[in-house]
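Have a look at the structure below before the remarks.
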Amino acid sequence: MRRYGPAALLLLTGGAVLRITLFGELYLRYVQAGLRPYLIVSGVALVLLGLVTAVLRHRTPGPHEDVHHEDVHHEDDDGHAGHAGHEGHSHGPAGPRVAWLLTLPALALLLFPPPALGSYSAGREAAQRAAQGVGAFPALPAGNPVELTVAEFSSRAIYDSGRSLNGRTVRLTGFVTHGDDGTWYVTRLVVTCCAADATTGKVEIRNADDDVLPADTWVTVTGTWRPKGSLGSDAAWPPVLDAATVTQVKQPADPYEKP
């Protein structure tokens with residue numbers, strides 16, 4: 001990499017981190033909200049390190065700058081004078097130009113941050129569910145509809161021995177994914193720390209009057225739980241919601257659920 005390559009890479013990476021944390025909520029596509037201060041500190045540190053590196057590189061002679069010394073005269077064994085010429089004339093090895101390609105990912109993150117994980121990521125997940133046994137859950141808040149996350153609804157539908165969802169109208173928000181048999185689901189990705197550890201929760205939607213929406217469309221669905229399978233069994237997953245209304249909505253600022 002050329003003289004200022006490392007500095008440019010540090011500045012681009014630090015700038016990209018600061019862009020997604022200081023000037024919006026794009027960082028929520030990658031990590032939980034609680035990690036924002038650490039990202040800001042990391043971004044500032046990378047920018048400062050890049051500036052320091054650039055200054056030091058500017059003050060240090062580059063690999064193609066000649067370093068001259070006085071001619072050194074000497075006599076050989078026969079007494080003839082000679083000289084060694086310009087000793088120390090150096091053309092140090094320059095790093096491969098292809099190393100500049102390392103700046104492209106940082107530049108892409110700075111200019112074109114990728115979208116949040118969606119149906120493609122969800123489709124790669126197996127039926128992963130919380131490692132919990134069947135038992136009683138706390139009572140739901142009074143009033144209908146009750147707002148639940150996809151993970152909360154799924155846990156109650158599959159494991160709640162008290163059947164707290166019976167007779168209640170619930171509201172779920174998520175993005176659309178499709179099954180192989182024409183079914184569709186309200187889906188959310190559950191993130192513990194960052195997007196790399198995301199797992200999938202989904203609820204099958206039935207009796208929706210609207211046409212099936214494209215994958216990754218964000219919707220809010222209001223409806224009632226339809227029990228299926230034995231409590232705590234694989235047959236109970238994914239849970240089913242009989243839809244009363246389906247409304248398209250904007251993707252929330254934080255697209256992920258917390259466990």
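A note on labels: chains of the structure tokens are A, B, ... as shown, every chain counts residues from 1, and ligands are counted from 1 in their shown order.
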From a DSSP calculation on the backbone, collect every residue of range 144-174 of chain A in strand (DSSP E or B) and output the set as a ChimeraX atom specification. /A:146-147,160,169-174
Can you write just those residues out, all heavy atoms, as a PDB file, in the first residue's frame?
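Everything below was put into out35.pdb:
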```pdb
ATOM      1  N   VAL A 146     -53.612  -6.336  22.453  1.00  0.00           N
ATOM      2  CA  VAL A 146     -52.405  -6.228  23.245  1.00  0.00           C
ATOM      3  C   VAL A 146     -51.201  -6.333  22.303  1.00  0.00           C
ATOM      4  O   VAL A 146     -51.151  -7.192  21.433  1.00  0.00           O
ATOM      5  CB  VAL A 146     -52.364  -7.317  24.331  1.00  0.00           C
ATOM      6  CG1 VAL A 146     -52.437  -8.717  23.731  1.00  0.00           C
ATOM      7  CG2 VAL A 146     -51.100  -7.169  25.175  1.00  0.00           C
ATOM      8  N   GLU A 147     -50.275  -5.397  22.468  1.00  0.00           N
ATOM      9  CA  GLU A 147     -49.079  -5.340  21.602  1.00  0.00           C
ATOM     10  C   GLU A 147     -48.052  -6.346  22.108  1.00  0.00           C
ATOM     11  O   GLU A 147     -47.622  -6.288  23.262  1.00  0.00           O
ATOM     12  CB  GLU A 147     -48.490  -3.933  21.617  1.00  0.00           C
ATOM     13  CG  GLU A 147     -47.451  -3.692  20.558  1.00  0.00           C
ATOM     14  CD  GLU A 147     -48.039  -3.076  19.298  1.00  0.00           C
ATOM     15  OE1 GLU A 147     -49.118  -2.456  19.364  1.00  0.00           O
ATOM     16  OE2 GLU A 147     -47.419  -3.252  18.243  1.00  0.00           O
ATOM     17  N   ASP A 160     -46.979 -21.769  27.024  1.00  0.00           N
ATOM     18  CA  ASP A 160     -47.761 -21.266  28.153  1.00  0.00           C
ATOM     19  C   ASP A 160     -48.858 -22.251  28.564  1.00  0.00           C
ATOM     20  O   ASP A 160     -49.872 -22.394  27.870  1.00  0.00           O
ATOM     21  CB  ASP A 160     -48.372 -19.917  27.787  1.00  0.00           C
ATOM     22  CG  ASP A 160     -49.102 -19.275  28.954  1.00  0.00           C
ATOM     23  OD1 ASP A 160     -48.978 -19.794  30.088  1.00  0.00           O
ATOM     24  OD2 ASP A 160     -49.793 -18.263  28.732  1.00  0.00           O
ATOM     25  N   THR A 169     -57.104 -10.456  21.668  1.00  0.00           N
ATOM     26  CA  THR A 169     -56.711  -9.921  20.369  1.00  0.00           C
ATOM     27  C   THR A 169     -55.310  -9.338  20.510  1.00  0.00           C
ATOM     28  O   THR A 169     -55.040  -8.568  21.438  1.00  0.00           O
ATOM     29  CB  THR A 169     -57.676  -8.821  19.902  1.00  0.00           C
ATOM     30  OG1 THR A 169     -58.990  -9.371  19.829  1.00  0.00           O
ATOM     31  CG2 THR A 169     -57.273  -8.285  18.545  1.00  0.00           C
ATOM     32  N   VAL A 170     -54.416  -9.740  19.610  1.00  0.00           N
ATOM     33  CA  VAL A 170     -53.022  -9.302  19.706  1.00  0.00           C
ATOM     34  C   VAL A 170     -52.625  -8.548  18.446  1.00  0.00           C
ATOM     35  O   VAL A 170     -53.246  -8.695  17.380  1.00  0.00           O
ATOM     36  CB  VAL A 170     -52.067 -10.490  19.941  1.00  0.00           C
ATOM     37  CG1 VAL A 170     -52.422 -11.213  21.229  1.00  0.00           C
ATOM     38  CG2 VAL A 170     -52.101 -11.448  18.769  1.00  0.00           C
ATOM     39  N   ARG A 171     -51.588  -7.758  18.578  1.00  0.00           N
ATOM     40  CA  ARG A 171     -51.055  -7.000  17.439  1.00  0.00           C
ATOM     41  C   ARG A 171     -49.567  -7.305  17.325  1.00  0.00           C
ATOM     42  O   ARG A 171     -48.813  -7.152  18.283  1.00  0.00           O
ATOM     43  CB  ARG A 171     -51.276  -5.508  17.633  1.00  0.00           C
ATOM     44  CG  ARG A 171     -50.735  -4.647  16.473  1.00  0.00           C
ATOM     45  CD  ARG A 171     -50.879  -3.166  16.766  1.00  0.00           C
ATOM     46  NE  ARG A 171     -52.282  -2.776  16.801  1.00  0.00           N
ATOM     47  CZ  ARG A 171     -52.825  -2.015  17.737  1.00  0.00           C
ATOM     48  NH1 ARG A 171     -52.092  -1.595  18.748  1.00  0.00           N
ATOM     49  NH2 ARG A 171     -54.095  -1.677  17.688  1.00  0.00           N
ATOM     50  N   LEU A 172     -49.152  -7.730  16.123  1.00  0.00           N
ATOM     51  CA  LEU A 172     -47.763  -8.067  15.852  1.00  0.00           C
ATOM     52  C   LEU A 172     -47.253  -7.229  14.685  1.00  0.00           C
ATOM     53  O   LEU A 172     -47.993  -6.953  13.734  1.00  0.00           O
ATOM     54  CB  LEU A 172     -47.611  -9.551  15.488  1.00  0.00           C
ATOM     55  CG  LEU A 172     -48.211 -10.595  16.436  1.00  0.00           C
ATOM     56  CD1 LEU A 172     -48.025 -11.992  15.846  1.00  0.00           C
ATOM     57  CD2 LEU A 172     -47.566 -10.501  17.811  1.00  0.00           C
ATOM     58  N   THR A 173     -45.984  -6.860  14.736  1.00  0.00           N
ATOM     59  CA  THR A 173     -45.347  -6.129  13.641  1.00  0.00           C
ATOM     60  C   THR A 173     -44.090  -6.874  13.218  1.00  0.00           C
ATOM     61  O   THR A 173     -43.289  -7.318  14.051  1.00  0.00           O
ATOM     62  CB  THR A 173     -44.982  -4.700  14.072  1.00  0.00           C
ATOM     63  OG1 THR A 173     -46.178  -3.982  14.385  1.00  0.00           O
ATOM     64  CG2 THR A 173     -44.236  -3.960  12.960  1.00  0.00           C
ATOM     65  N   GLY A 174     -43.923  -7.019  11.917  1.00  0.00           N
ATOM     66  CA  GLY A 174     -42.742  -7.702  11.380  1.00  0.00           C
ATOM     67  C   GLY A 174     -42.729  -7.605   9.871  1.00  0.00           C
ATOM     68  O   GLY A 174     -43.556  -6.916   9.268  1.00  0.00           O
TER      69      GLY A 174
END
```
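We find CA of Gly223 in chain A and CA of Val176 in chain A to be spaced 15.9 Å apart.
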Name all residues at most 10 Å from Arg163 in chain A (count only C-alpha atoms; drop same-chain ones fewer than 4 positions away) and give them as a list in words.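 Near Arg163 in chain A, the qualifying residues are Gly135, Ala136, Phe137, Ala139, Arg156, Ala157, Ile158, Tyr159, Gly167, Pro227 and Leu231 of chain A.
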Output N, CA, C and O atoms of each residue in that selection to a file, as a compact mmCIF listing (two decimals), in the first residue's frame.
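Contents of part-v6.txt, as written:
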```txt
# COMPACT_ATOMS: atom_id res chain seq x y z
N GLY A 135 -44.70 -23.98 31.00
CA GLY A 135 -44.99 -23.43 32.32
C GLY A 135 -45.94 -22.25 32.21
O GLY A 135 -46.35 -21.86 31.11
N ALA A 136 -46.29 -21.68 33.35
CA ALA A 136 -47.21 -20.55 33.38
C ALA A 136 -46.46 -19.25 33.10
O ALA A 136 -45.33 -19.07 33.56
N PHE A 137 -47.08 -18.37 32.35
CA PHE A 137 -46.51 -17.06 32.02
C PHE A 137 -47.26 -15.98 32.81
O PHE A 137 -48.40 -16.18 33.22
N ALA A 139 -49.57 -12.76 33.52
CA ALA A 139 -50.80 -12.33 32.85
C ALA A 139 -50.51 -11.21 31.86
O ALA A 139 -49.61 -10.38 32.07
N ARG A 156 -45.54 -17.70 24.23
CA ARG A 156 -46.82 -17.98 24.90
C ARG A 156 -47.62 -19.03 24.14
O ARG A 156 -48.26 -19.90 24.76
N ALA A 157 -47.61 -18.96 22.82
CA ALA A 157 -48.38 -19.92 22.03
C ALA A 157 -47.86 -21.34 22.19
O ALA A 157 -48.63 -22.31 22.19
N ILE A 158 -46.55 -21.49 22.35
CA ILE A 158 -45.94 -22.82 22.35
C ILE A 158 -45.77 -23.38 23.76
O ILE A 158 -45.93 -24.58 23.98
N TYR A 159 -45.49 -22.51 24.75
CA TYR A 159 -45.08 -23.01 26.06
C TYR A 159 -46.00 -22.65 27.22
O TYR A 159 -45.83 -23.15 28.32
N GLY A 167 -58.74 -16.04 23.76
CA GLY A 167 -59.72 -14.98 23.84
C GLY A 167 -59.15 -13.57 23.76
O GLY A 167 -59.88 -12.60 23.92
N PRO A 227 -54.78 -22.15 18.30
CA PRO A 227 -53.90 -23.20 18.84
C PRO A 227 -53.69 -24.31 17.82
O PRO A 227 -54.56 -24.62 17.00
N LEU A 231 -48.86 -28.75 23.37
CA LEU A 231 -48.09 -27.73 24.05
C LEU A 231 -46.63 -28.16 24.18
O LEU A 231 -46.33 -29.26 24.64
```
Nearest residue to Leu165 in chain A out of A:Arg188, A:Arg226, A:Arg206, A:Arg59, using only C-alpha atoms?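 For Leu165 in chain A, the nearest of the given residues is A:Arg226.
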